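Asks: So here's data_9.cif, just mmCIF, C-alpha atoms and all ligand atoms:
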data_target
loop_
_atom_site.label_atom_id
_atom_site.label_comp_id
_atom_site.auth_asym_id
_atom_site.auth_seq_id
_atom_site.Cartn_x
_atom_site.Cartn_y
_atom_site.Cartn_z
CA THR L 1 73.16 169.56 120.08
CA GLY L 2 74.81 172.92 119.64
CA HIS L 3 75.72 175.21 122.55
CA HIS L 4 73.14 176.98 124.73
CA TRP L 5 72.99 180.72 124.00
CA GLY L 6 70.51 183.52 124.70
CA TYR L 7 70.11 187.24 125.26
CA GLY L 8 70.76 187.38 129.00
CA LYS L 9 73.73 188.71 130.96
CA GLU L 10 75.57 185.37 131.06
CA ASP L 11 74.59 183.86 127.69
CA GLY L 12 73.99 187.02 125.63
CA PRO L 13 75.66 188.54 122.51
CA SER L 14 78.85 189.61 124.31
CA SER L 15 79.53 185.95 125.28
CA TRP L 16 78.68 184.25 121.96
CA TYR L 17 82.32 184.45 120.73
CA ARG L 18 83.30 181.74 123.24
CA ASN L 19 81.33 179.02 121.46
CA TYR L 20 81.10 180.81 118.08
CA PRO L 21 84.47 182.48 117.35
CA VAL L 22 83.15 183.81 114.00
CA ALA L 23 81.30 186.33 116.21
CA GLU L 24 84.51 188.38 115.89
CA GLY L 25 84.73 187.87 112.11
CA ASN L 26 85.00 190.40 109.28
CA ARG L 27 81.42 190.34 108.02
CA GLN L 28 79.21 190.18 111.11
CA SER L 29 75.67 191.54 111.42
CA PRO L 30 73.82 193.66 112.32
CA ILE L 31 75.53 196.99 111.59
CA ASP L 32 74.77 200.68 112.02
CA ILE L 33 73.76 202.04 108.60
CA VAL L 34 74.91 205.61 107.92
CA PRO L 35 72.81 206.74 104.92
CA ASN L 36 75.11 209.46 103.63
CA GLU L 37 78.09 207.07 103.72
CA ALA L 38 76.20 204.50 101.63
CA SER L 39 77.25 204.51 97.98
CA HIS L 40 74.43 204.99 95.50
CA ASP L 41 74.87 202.31 92.83
CA ARG L 42 73.10 203.11 89.54
CA ASP L 43 73.37 199.45 88.41
CA LEU L 44 71.66 198.26 91.60
CA GLY L 45 68.21 197.43 90.27
CA PRO L 46 64.98 197.09 92.21
CA ILE L 47 64.31 194.01 94.33
CA MET L 48 61.27 191.94 93.45
CA THR L 49 59.42 189.72 95.88
CA ASN L 50 57.04 187.11 94.52
CA TYR L 51 55.22 185.67 97.53
CA ASP L 52 51.83 185.26 95.92
CA HIS L 53 51.71 181.47 95.84
CA CYS L 54 53.82 181.09 98.90
CA THR L 55 52.83 178.44 101.32
CA SER L 56 53.25 179.14 104.98
CA ILE L 57 53.25 175.94 107.04
CA ASN L 58 53.55 176.68 110.74
CA ILE L 59 54.44 179.22 113.42
CA SER L 60 56.69 178.29 116.33
CA ASN L 61 58.60 179.57 119.36
CA ASN L 62 62.22 178.38 119.13
CA GLY L 63 63.24 179.94 122.45
CA HIS L 64 64.85 182.92 120.67
CA SER L 65 62.02 184.34 118.51
CA VAL L 66 58.69 183.50 116.90
CA VAL L 67 59.23 181.94 113.46
CA VAL L 68 56.86 181.34 110.51
CA GLU L 69 58.15 178.56 108.23
CA PHE L 70 57.36 178.12 104.53
CA ASN L 71 57.34 175.23 102.10
CA ASP L 72 60.52 175.80 100.09
CA SER L 73 60.31 172.72 97.84
CA ASP L 74 60.05 174.89 94.70
CA ASP L 75 60.46 178.48 93.46
CA ARG L 76 56.91 179.56 94.34
CA SER L 77 57.96 182.29 96.75
CA VAL L 78 61.23 184.03 95.96
CA ILE L 79 63.08 187.31 96.20
CA LYS L 80 65.19 188.41 93.20
CA GLY L 81 66.85 191.39 91.54
CA GLY L 82 68.82 194.07 93.35
CA PRO L 83 72.19 192.65 94.46
CA LEU L 84 71.08 189.04 93.86
CA ASP L 85 72.41 186.95 90.95
CA ASN L 86 69.73 184.30 91.38
CA PRO L 87 66.23 184.06 92.86
CA TYR L 88 66.39 183.11 96.55
CA ARG L 89 63.63 180.95 98.08
CA LEU L 90 61.67 182.09 101.14
CA LYS L 91 62.32 179.71 104.04
CA GLN L 92 61.07 181.53 107.14
CA PHE L 93 60.50 184.88 108.76
CA HIS L 94 60.91 185.96 112.39
CA PHE L 95 61.10 189.10 114.50
CA HIS L 96 63.42 190.85 116.99
CA TRP L 97 61.99 193.35 119.50
CA GLY L 98 62.70 195.34 122.67
CA GLY L 99 61.23 195.73 126.13
CA LYS L 100 58.53 198.34 126.92
CA GLY L 101 59.48 201.55 125.12
CA HIS L 102 62.98 200.08 124.66
CA GLU L 103 64.67 199.86 121.24
CA GLY L 104 64.47 196.41 119.67
CA SER L 105 65.76 196.41 116.11
CA GLU L 106 69.13 194.86 115.23
CA HIS L 107 70.25 197.21 112.46
CA THR L 108 70.30 200.90 113.38
CA VAL L 109 70.22 203.95 111.07
CA SER L 110 72.61 206.77 112.03
CA GLY L 111 72.70 205.24 115.52
CA GLU L 112 68.90 205.18 115.86
CA GLY L 113 67.12 201.91 116.61
CA PHE L 114 63.50 200.98 115.87
CA ALA L 115 61.03 199.16 118.10
CA SER L 116 61.39 195.91 116.17
CA GLU L 117 62.86 194.31 113.04
CA LEU L 118 61.34 191.62 110.79
CA HIS L 119 63.69 189.23 108.96
CA LEU L 120 62.52 187.29 105.90
CA VAL L 121 65.13 184.56 105.35
CA HIS L 122 65.68 183.24 101.80
CA TRP L 123 68.23 180.74 100.40
CA ASN L 124 70.02 180.28 97.06
CA ALA L 125 68.47 177.04 95.79
CA VAL L 126 70.06 177.54 92.35
CA LYS L 127 73.61 177.09 93.67
CA TYR L 128 72.99 174.95 96.78
CA LYS L 129 71.08 171.72 97.35
CA THR L 130 69.78 172.44 100.85
CA TYR L 131 69.06 175.37 103.17
CA GLY L 132 71.62 173.97 105.60
CA GLU L 133 74.32 173.98 102.95
CA ALA L 134 73.33 177.46 101.75
CA SER L 135 73.40 178.79 105.32
CA THR L 136 77.18 178.25 105.45
CA ALA L 137 78.00 179.64 101.96
CA PRO L 138 79.13 183.26 101.40
CA ASP L 139 76.23 183.88 98.96
CA GLY L 140 73.91 181.30 100.43
CA LEU L 141 71.26 183.43 102.15
CA ALA L 142 69.44 186.69 101.43
CA VAL L 143 67.64 188.27 104.37
CA LEU L 144 65.13 191.05 103.78
CA GLY L 145 65.05 193.29 106.86
CA ILE L 146 62.05 195.49 107.62
CA PHE L 147 61.95 197.98 110.50
CA LEU L 148 58.82 198.20 112.66
CA GLU L 149 58.03 201.53 114.35
CA THR L 150 55.19 202.13 116.79
CA GLY L 151 52.17 204.09 115.60
CA ASP L 152 48.82 202.95 114.27
CA ASP L 153 47.64 199.32 114.34
CA HIS L 154 49.05 197.30 111.43
CA ARG L 155 45.97 196.03 109.56
CA TRP L 156 47.43 192.56 108.90
CA LEU L 157 49.83 191.94 111.79
CA HIS L 158 46.86 190.82 113.94
CA MET L 159 46.91 187.59 111.88
CA ILE L 160 50.18 186.84 113.66
CA THR L 161 49.54 188.44 117.07
CA ASP L 162 46.17 186.63 117.31
CA VAL L 163 47.93 183.22 117.37
CA LEU L 164 50.93 184.08 119.59
CA TYR L 165 49.12 182.65 122.64
CA MET L 166 49.38 179.24 120.89
CA VAL L 167 53.21 179.46 120.86
CA LYS L 168 53.79 181.08 124.25
CA TYR L 169 56.41 178.57 125.37
CA LYS L 170 59.78 177.56 123.87
CA GLY L 171 59.27 174.45 121.71
CA SER L 172 55.59 175.14 120.93
CA ILE L 173 54.41 175.01 117.31
CA THR L 174 51.07 175.27 115.55
CA ASP L 175 49.67 175.22 112.00
CA PHE L 176 49.80 178.57 110.21
CA LYS L 177 48.64 178.18 106.60
CA GLY L 178 47.78 180.68 103.91
CA PHE L 179 49.68 183.66 105.30
CA ASN L 180 51.17 185.84 102.56
CA PRO L 181 54.06 188.00 103.86
CA ASN L 182 53.45 190.51 101.05
CA CYS L 183 51.07 192.15 103.53
CA LEU L 184 54.01 193.00 105.82
CA LEU L 185 55.96 194.97 103.18
CA PRO L 186 56.02 198.80 103.25
CA SER L 187 54.94 200.73 100.13
CA SER L 188 58.53 201.50 99.04
CA LEU L 189 61.09 198.76 98.30
CA HIS L 190 64.04 201.19 98.34
CA TYR L 191 66.84 199.53 100.28
CA TRP L 192 70.41 199.41 101.58
CA THR L 193 72.45 196.26 100.94
CA TYR L 194 75.71 194.85 102.34
CA LEU L 195 77.43 191.51 102.98
CA GLY L 196 76.96 190.16 106.50
CA SER L 197 75.98 187.25 108.68
CA LEU L 198 73.28 185.51 110.66
CA THR L 199 72.60 187.61 113.77
CA THR L 200 72.18 184.58 116.02
CA PRO L 201 74.49 181.63 116.55
CA PRO L 202 75.94 179.95 114.48
CA LEU L 203 76.51 183.51 113.08
CA HIS L 204 77.50 182.08 109.65
CA GLU L 205 78.89 184.80 107.30
CA SER L 206 76.47 183.76 104.58
CA VAL L 207 73.96 186.61 104.28
CA ILE L 208 73.38 189.19 101.57
CA TRP L 209 71.42 191.75 103.61
CA ILE L 210 68.68 193.84 101.98
CA ILE L 211 67.29 196.39 104.47
CA LEU L 212 64.21 198.37 103.44
CA LYS L 213 64.46 202.11 104.13
CA GLU L 214 60.74 202.56 104.87
CA PRO L 215 59.55 201.11 108.21
CA ILE L 216 56.09 199.63 108.69
CA GLU L 217 53.87 200.91 111.50
CA VAL L 218 52.55 198.65 114.24
CA SER L 219 50.76 199.66 117.45
CA GLU L 220 52.26 199.48 120.92
CA LYS L 221 49.46 197.02 121.72
CA GLN L 222 50.45 194.70 118.85
CA LEU L 223 54.09 194.90 119.85
CA GLY L 224 53.11 194.16 123.45
CA MET L 225 51.63 190.85 122.29
CA PHE L 226 55.12 189.69 121.25
CA ARG L 227 56.32 190.37 124.79
CA MET L 228 53.86 187.82 126.21
CA LEU L 229 55.94 185.09 124.57
CA LEU L 230 58.43 183.29 126.80
CA PHE L 231 62.07 182.25 126.27
CA THR L 232 61.33 179.32 128.59
CA GLU L 233 59.56 175.97 128.20
CA GLU L 234 56.11 175.17 129.60
CA ASP L 235 57.50 172.95 132.39
CA ASP L 236 60.18 175.50 133.35
CA ASP L 237 59.25 177.15 136.65
CA GLN L 238 61.30 180.21 135.64
CA LYS L 239 59.07 182.24 133.31
CA MET L 240 61.37 184.49 131.25
CA ARG L 241 59.50 187.01 129.04
CA MET L 242 60.74 187.03 125.44
CA GLU L 243 61.96 190.59 124.84
CA ASN L 244 65.20 192.41 123.89
CA ASN L 245 66.06 189.44 121.64
CA PHE L 246 68.35 191.53 119.44
CA ARG L 247 72.10 191.56 118.77
CA PRO L 248 73.64 195.07 118.82
CA PRO L 249 75.49 196.53 115.79
CA GLN L 250 78.89 194.95 114.99
CA PRO L 251 82.11 196.51 113.55
CA ILE L 252 81.75 197.44 109.84
CA LYS L 253 85.40 196.31 109.19
CA GLY L 254 85.74 198.28 105.98
CA ARG L 255 82.57 196.96 104.34
CA ARG L 256 80.67 199.07 101.82
CA VAL L 257 76.92 199.65 102.21
CA ARG L 258 75.18 200.30 98.89
CA SER L 259 71.90 202.15 98.42
CA SER L 260 69.29 201.36 95.76
CA ASN L 261 68.51 205.07 95.52
C1 LIG Q 301 71.16 175.77 109.47
O1 LIG Q 301 71.22 176.47 110.70
C2 LIG Q 301 70.72 177.74 110.72
C3 LIG Q 301 70.60 178.37 111.96
C4 LIG Q 301 70.08 179.68 112.04
C5 LIG Q 301 69.72 180.35 110.86
C6 LIG Q 301 69.21 181.74 110.92
C7 LIG Q 301 68.28 182.20 109.85
C8 LIG Q 301 69.66 182.54 111.96
C9 LIG Q 301 69.26 183.98 112.08
O2 LIG Q 301 68.11 184.32 111.81
O3 LIG Q 301 70.13 184.78 112.44
C10 LIG Q 301 69.84 179.71 109.63
C11 LIG Q 301 70.34 178.40 109.55
ZN ZN Q 302 66.77 187.77 112.61
#
Starting from the file, lay out its structure as structure tokens.
Ligand SMILES: COc1ccc(/C(C)=C/C(=O)O)cc1
Ligand SMILES: [Zn+2]

Replies:
Amino acid sequence: TGHHWGYGKEDGPSSWYRNYPVAEGNRQSPIDIVPNEASHDRDLGPIMTNYDHCTSINISNNGHSVVVEFNDSDDRSVIKGGPLDNPYRLKQFHFHWGGKGHEGSEHTVSGEGFASELHLVHWNAVKYKTYGEASTAPDGLAVLGIFLETGDDHRWLHMITDVLYMVKYKGSITDFKGFNPNCLLPSSLHYWTYLGSLTTPPLHESVIWIILKEPIEVSEKQLGMFRMLLFTEEDDDQKMRMENNFRPPQPIKGRRVRSSN
């Protein structure tokens, strides 16, 4: 089902338009954020994340990234406020990263990339019945983007890197309960926000992006653990390391980026 796509020379971002024409649409993501061109909106309130009773279920390798899924059967773990008219339910989070020393984030700031970018994907369960339906609606998803820069060890990221060996191959999945993503947030929730899309096929233009200005610090060693994951399946004799799984910035096409402050 669906078309094969990846991050290589033949199946990478510059070829996605063939099977997913919306790749050339008017609200594609990621973008380059230029802080002094962002408009400071006084009526843009703070965002609030309430992940305390969230229920992580599993962690898996989908052949594109490593994904932690959550139980989204009620409003236990939501993001609200800021540009959002409703609370949006946490569905999953995943990462994008580079090769050794290479950039790896999807959004850039004044042309500068970061080593990695964490995406917490939420959906508008007030207006839509299912995640699938929300993922195709213009206000269906809210993705909280957090930049990762290399520096000291992140005190909680080891809870994820310690289990990556269990999901080395595409299609592998294992239990991952009781993880609260609050521990991955930086101290400041100041953000930029704009209307965009999924950054992987099907590239639906359904995302209200909320990008935190403050990166979190992770060590080169922790980041290196992500690079031991493979794009390929266990029985595939071609072992392709999972790295550089990021889409480059797309044309802004007249969109406005707003800043919380
Ligand atoms: C319902 O199908 C979906 C496929 C992908 C995605 C995401 C969340 C893609 C991305 O992270 O860019 C959501 C729904
Ligand atoms: Zn992503």

Asks: Give me, as a tab-separated table (two decimals) with C-alpha atoms, keeping the file's coordinate frame, all polymer residues having an atom no more than 6 Å from region 149-162 of chain L, counting all atoms listed in the file and skipping those fewer than 3 positions away in the same chain.

Replies:
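Below is the file result.tsv, written as the result:
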chain	number	residue	atom	x	y	z
L	114	PHE	CA	63.50	200.98	115.87
L	115	ALA	CA	61.03	199.16	118.10
L	217	GLU	CA	53.87	200.91	111.50
L	218	VAL	CA	52.55	198.65	114.24
L	219	SER	CA	50.76	199.66	117.45
L	220	GLU	CA	52.26	199.48	120.92

Asks: Got a sec to check which residues lie within 12 Å of ligand LIG 301 (chain Q), using all atoms listed in the file, and send them as an NGL selection string?

Replies: :L and (1-2 or 23 or 28-30 or 62 or 64-69 or 90-96 or 106 or 117-123 or 130-137 or 140-145 or 196-209 or 245-247)

Asks: Give me the residues within 8 Å of region 175-191 of chain L as a PDB file with C-alpha atoms, in the coordinates of the input, counting only C-alpha atoms and dropping any in the same chain fewer than 2 places off.

Replies:
ATOM      1  CA  PRO L  46      64.980 197.090  92.210  1.00  0.00           C
ATOM      2  CA  ILE L  47      64.310 194.010  94.330  1.00  0.00           C
ATOM      3  CA  THR L  49      59.420 189.720  95.880  1.00  0.00           C
ATOM      4  CA  TYR L  51      55.220 185.670  97.530  1.00  0.00           C
ATOM      5  CA  ASP L  52      51.830 185.260  95.920  1.00  0.00           C
ATOM      6  CA  CYS L  54      53.820 181.090  98.900  1.00  0.00           C
ATOM      7  CA  THR L  55      52.830 178.440 101.320  1.00  0.00           C
ATOM      8  CA  SER L  56      53.250 179.140 104.980  1.00  0.00           C
ATOM      9  CA  ILE L  57      53.250 175.940 107.040  1.00  0.00           C
ATOM     10  CA  ASN L  58      53.550 176.680 110.740  1.00  0.00           C
ATOM     11  CA  ILE L  59      54.440 179.220 113.420  1.00  0.00           C
ATOM     12  CA  VAL L  68      56.860 181.340 110.510  1.00  0.00           C
ATOM     13  CA  ILE L 146      62.050 195.490 107.620  1.00  0.00           C
ATOM     14  CA  TRP L 156      47.430 192.560 108.900  1.00  0.00           C
ATOM     15  CA  LEU L 157      49.830 191.940 111.790  1.00  0.00           C
ATOM     16  CA  ILE L 173      54.410 175.010 117.310  1.00  0.00           C
ATOM     17  CA  THR L 193      72.450 196.260 100.940  1.00  0.00           C
ATOM     18  CA  ILE L 210      68.680 193.840 101.980  1.00  0.00           C
ATOM     19  CA  ILE L 211      67.290 196.390 104.470  1.00  0.00           C
ATOM     20  CA  LEU L 212      64.210 198.370 103.440  1.00  0.00           C
ATOM     21  CA  LYS L 213      64.460 202.110 104.130  1.00  0.00           C
ATOM     22  CA  GLU L 214      60.740 202.560 104.870  1.00  0.00           C
ATOM     23  CA  PRO L 215      59.550 201.110 108.210  1.00  0.00           C
ATOM     24  CA  ILE L 216      56.090 199.630 108.690  1.00  0.00           C
ATOM     25  CA  SER L 259      71.900 202.150  98.420  1.00  0.00           C
ATOM     26  CA  SER L 260      69.290 201.360  95.760  1.00  0.00           C
ATOM     27  CA  ASN L 261      68.510 205.070  95.520  1.00  0.00           C
TER      28      ASN L 261
END

Asks: Skip Gly6 (chain L) itself and residues of its chain fewer than 3 positions away, then list as a short mmCIF file (atom, residue, chain, number, x, y, z; two decimals) with C-alpha atoms, keeping the file's coordinate frame all residues within 9 Å of it, counting only C-alpha atoms.

Replies:
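Output saved as around-v2.cif:
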data_model
loop_
_atom_site.label_atom_id
_atom_site.label_comp_id
_atom_site.auth_asym_id
_atom_site.auth_seq_id
_atom_site.Cartn_x
_atom_site.Cartn_y
_atom_site.Cartn_z
CA LYS L 9 73.73 188.71 130.96
CA GLU L 10 75.57 185.37 131.06
CA ASP L 11 74.59 183.86 127.69
CA GLY L 12 73.99 187.02 125.63
CA PRO L 13 75.66 188.54 122.51
CA TRP L 16 78.68 184.25 121.96
CA GLY L 63 63.24 179.94 122.45
CA HIS L 64 64.85 182.92 120.67
CA THR L 200 72.18 184.58 116.02
CA PHE L 231 62.07 182.25 126.27
CA ASN L 245 66.06 189.44 121.64
#

Asks: Hey, which of L:Arg255, L:Ala38, L:Gly82, L:Ser105 ends up closest to ligand ZN 302 (chain Q)? Count only C-alpha atoms and all ligand atoms.

Replies: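 Of L:Arg255, L:Ala38, L:Gly82, L:Ser105, the one nearest ligand ZN 302 (chain Q), counting only C-alpha atoms and all ligand atoms, is L:Ser105.
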
Asks: Can you work out the spacing between CA of Leu44 (chain L) and CA of Gly81 (chain L) in Å, to one decimal?

Replies: 8.4 Å

Asks: What separation in Å, quoted to one decimal, exists between CA of Lys170 (chain L) and CA of Pro249 (chain L)?

Replies: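 According to the coordinates, CA of Lys170 (chain L) and CA of Pro249 (chain L) are separated by 25.9 Å.
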
Asks: In Å to one decimal, how far is CA of Met242 (chain L) from CA of Asp72 (chain L)?

Replies: 27.7 Å

Asks: With all atoms listed in the file as the atoms that count, which of L:Pro248, L:Leu230, L:Pro35, L:Asp75 lies nearest to ligand ZN 302 (chain Q)?

Replies: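 Smallest separation from ligand ZN 302 (chain Q) among the options: L:Pro248.
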
Asks: Can you pull out the residues contacting Gly224 (chain L)? Cut-off 10 Å, using all atoms listed in the file, and skip same-chain residues under 6 positions away; I want them as a list in words.

Replies: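 Those residues are Trp97, Gly98, Gly99, Lys100, Gly101, Thr161 and Glu243 of chain L.
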
Asks: Hey, what's within 7 Å of Ile31 (chain L) if we count only C-alpha atoms and toss same-chain stuff fewer than 6 positions away? As an NGL selection string, please?

Replies: :L and (107-108 or 249-252)

Asks: Smallest atom-to-atom distance to ligand ZN 302 (chain Q): which of L:Pro87, L:Gly113, L:Gly104, L:Gly171, using only C-alpha atoms and all ligand atoms?

Replies: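 So, comparing all the options, the nearest one is L:Gly104.
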
Asks: For a quick check of understanding, using only C-alpha atoms, which of L:Lys168, L:Val22, L:Val163, L:Asn124 has the smallest distance to Gln222 (chain L)?

Replies: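 Among the listed residues, L:Val163 lies closest to Gln222 (chain L).
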
Asks: For ligand ZN 302 (chain Q), which residue out of L:Ser116, L:Gly45, L:His3, L:Pro138 is the nearest one, using all atoms listed in the file?

Replies: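 Nearest candidate to ligand ZN 302 (chain Q) out of L:Ser116, L:Gly45, L:His3, L:Pro138: L:Ser116.
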
Asks: Which residue, L:Leu223, L:Tyr169, L:Tyr194, L:Val257, has the smallest gap to Met240 (chain L) when you use all atoms listed in the file?

Replies: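 Using all atoms listed in the file, the shortest distance to Met240 (chain L) belongs to L:Tyr169.
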
Asks: Hey, can you pull every residue with an atom no more than 7 Å from (71.1, 209.1, 106.8), using all atoms listed in the file, and send it as a ChimeraX atom specification?

Replies: /L:34-36,109-110

Asks: Write the residues of the selection above to a file with C-alpha atoms, as a JSON list (two decimals), keeping the file's coordinate frame.

Replies:
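After the write, selection00.json holds the following:
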[["chain", "number", "residue", "atom", "x", "y", "z"],
["L", 34, "VAL", "CA", 74.91, 205.61, 107.92],
["L", 35, "PRO", "CA", 72.81, 206.74, 104.92],
["L", 36, "ASN", "CA", 75.11, 209.46, 103.63],
["L", 109, "VAL", "CA", 70.22, 203.95, 111.07],
["L", 110, "SER", "CA", 72.61, 206.77, 112.03]]

Asks: Could region 227-245 of chain L be written out with N, CA, C and O atoms, as a PDB file, in the first residue's frame, please?

Replies:
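In the end it all went to decode-v7.pdb:
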ATOM      1  N   ARG L 227      22.000   6.623  15.074  1.00  0.00           N
ATOM      2  CA  ARG L 227      22.584   6.234  13.787  1.00  0.00           C
ATOM      3  C   ARG L 227      22.889   4.735  13.697  1.00  0.00           C
ATOM      4  O   ARG L 227      23.317   4.256  12.651  1.00  0.00           O
ATOM      5  N   MET L 228      22.623   3.983  14.801  1.00  0.00           N
ATOM      6  CA  MET L 228      22.824   2.530  14.695  1.00  0.00           C
ATOM      7  C   MET L 228      21.543   1.866  14.192  1.00  0.00           C
ATOM      8  O   MET L 228      21.524   0.709  13.845  1.00  0.00           O
ATOM      9  N   LEU L 229      20.465   2.666  14.132  1.00  0.00           N
ATOM     10  CA  LEU L 229      19.213   2.144  13.569  1.00  0.00           C
ATOM     11  C   LEU L 229      19.400   1.946  12.069  1.00  0.00           C
ATOM     12  O   LEU L 229      20.270   2.563  11.447  1.00  0.00           O
ATOM     13  N   LEU L 230      18.583   1.066  11.494  1.00  0.00           N
ATOM     14  CA  LEU L 230      18.678   0.800  10.053  1.00  0.00           C
ATOM     15  C   LEU L 230      17.383   1.158   9.343  1.00  0.00           C
ATOM     16  O   LEU L 230      16.290   1.001   9.885  1.00  0.00           O
ATOM     17  N   PHE L 231      17.498   1.613   8.090  1.00  0.00           N
ATOM     18  CA  PHE L 231      16.329   1.859   7.230  1.00  0.00           C
ATOM     19  C   PHE L 231      15.767   0.509   6.768  1.00  0.00           C
ATOM     20  O   PHE L 231      14.621   0.402   6.364  1.00  0.00           O
ATOM     21  N   THR L 232      16.624  -0.523   6.833  1.00  0.00           N
ATOM     22  CA  THR L 232      16.310  -1.809   6.188  1.00  0.00           C
ATOM     23  C   THR L 232      15.811  -2.865   7.180  1.00  0.00           C
ATOM     24  O   THR L 232      16.034  -2.766   8.367  1.00  0.00           O
ATOM     25  N   GLU L 233      15.142  -3.881   6.609  1.00  0.00           N
ATOM     26  CA  GLU L 233      14.563  -4.945   7.442  1.00  0.00           C
ATOM     27  C   GLU L 233      15.614  -5.968   7.838  1.00  0.00           C
ATOM     28  O   GLU L 233      16.682  -6.032   7.220  1.00  0.00           O
ATOM     29  N   GLU L 234      15.295  -6.775   8.847  1.00  0.00           N
ATOM     30  CA  GLU L 234      16.265  -7.734   9.399  1.00  0.00           C
ATOM     31  C   GLU L 234      16.762  -8.707   8.323  1.00  0.00           C
ATOM     32  O   GLU L 234      17.932  -9.050   8.275  1.00  0.00           O
ATOM     33  N   ASP L 235      15.835  -9.130   7.422  1.00  0.00           N
ATOM     34  CA  ASP L 235      16.251 -10.150   6.434  1.00  0.00           C
ATOM     35  C   ASP L 235      16.821  -9.510   5.169  1.00  0.00           C
ATOM     36  O   ASP L 235      17.098 -10.202   4.185  1.00  0.00           O
ATOM     37  N   ASP L 236      16.997  -8.199   5.187  1.00  0.00           N
ATOM     38  CA  ASP L 236      17.543  -7.497   4.014  1.00  0.00           C
ATOM     39  C   ASP L 236      19.070  -7.567   4.071  1.00  0.00           C
ATOM     40  O   ASP L 236      19.659  -7.141   5.065  1.00  0.00           O
ATOM     41  N   ASP L 237      19.712  -8.092   3.038  1.00  0.00           N
ATOM     42  CA  ASP L 237      21.173  -8.222   3.137  1.00  0.00           C
ATOM     43  C   ASP L 237      21.865  -6.866   2.956  1.00  0.00           C
ATOM     44  O   ASP L 237      23.039  -6.711   3.248  1.00  0.00           O
ATOM     45  N   GLN L 238      21.123  -5.864   2.491  1.00  0.00           N
ATOM     46  CA  GLN L 238      21.681  -4.509   2.393  1.00  0.00           C
ATOM     47  C   GLN L 238      21.410  -3.780   3.697  1.00  0.00           C
ATOM     48  O   GLN L 238      20.263  -3.480   4.008  1.00  0.00           O
ATOM     49  N   LYS L 239      22.420  -3.513   4.497  1.00  0.00           N
ATOM     50  CA  LYS L 239      22.200  -2.826   5.781  1.00  0.00           C
ATOM     51  C   LYS L 239      22.417  -1.333   5.582  1.00  0.00           C
ATOM     52  O   LYS L 239      23.552  -0.879   5.436  1.00  0.00           O
ATOM     53  N   MET L 240      21.288  -0.564   5.545  1.00  0.00           N
ATOM     54  CA  MET L 240      21.395   0.879   5.316  1.00  0.00           C
ATOM     55  C   MET L 240      21.217   1.615   6.642  1.00  0.00           C
ATOM     56  O   MET L 240      20.147   1.525   7.241  1.00  0.00           O
ATOM     57  N   ARG L 241      22.292   2.299   7.119  1.00  0.00           N
ATOM     58  CA  ARG L 241      22.176   3.037   8.389  1.00  0.00           C
ATOM     59  C   ARG L 241      21.128   4.131   8.288  1.00  0.00           C
ATOM     60  O   ARG L 241      21.044   4.818   7.269  1.00  0.00           O
ATOM     61  N   MET L 242      20.313   4.265   9.351  1.00  0.00           N
ATOM     62  CA  MET L 242      19.294   5.313   9.378  1.00  0.00           C
ATOM     63  C   MET L 242      19.955   6.613   9.828  1.00  0.00           C
ATOM     64  O   MET L 242      20.304   6.776  10.992  1.00  0.00           O
ATOM     65  N   GLU L 243      20.177   7.512   8.847  1.00  0.00           N
ATOM     66  CA  GLU L 243      20.705   8.845   9.151  1.00  0.00           C
ATOM     67  C   GLU L 243      20.336   9.774   7.989  1.00  0.00           C
ATOM     68  O   GLU L 243      19.954   9.319   6.924  1.00  0.00           O
ATOM     69  N   ASN L 244      20.435  11.101   8.243  1.00  0.00           N
ATOM     70  CA  ASN L 244      20.031  12.106   7.237  1.00  0.00           C
ATOM     71  C   ASN L 244      18.595  11.885   6.788  1.00  0.00           C
ATOM     72  O   ASN L 244      18.269  12.028   5.604  1.00  0.00           O
ATOM     73  N   ASN L 245      17.725  11.501   7.745  1.00  0.00           N
ATOM     74  CA  ASN L 245      16.295  11.289   7.427  1.00  0.00           C
ATOM     75  C   ASN L 245      15.515  12.585   7.629  1.00  0.00           C
ATOM     76  O   ASN L 245      14.555  12.650   8.398  1.00  0.00           O
TER      77      ASN L 245
END
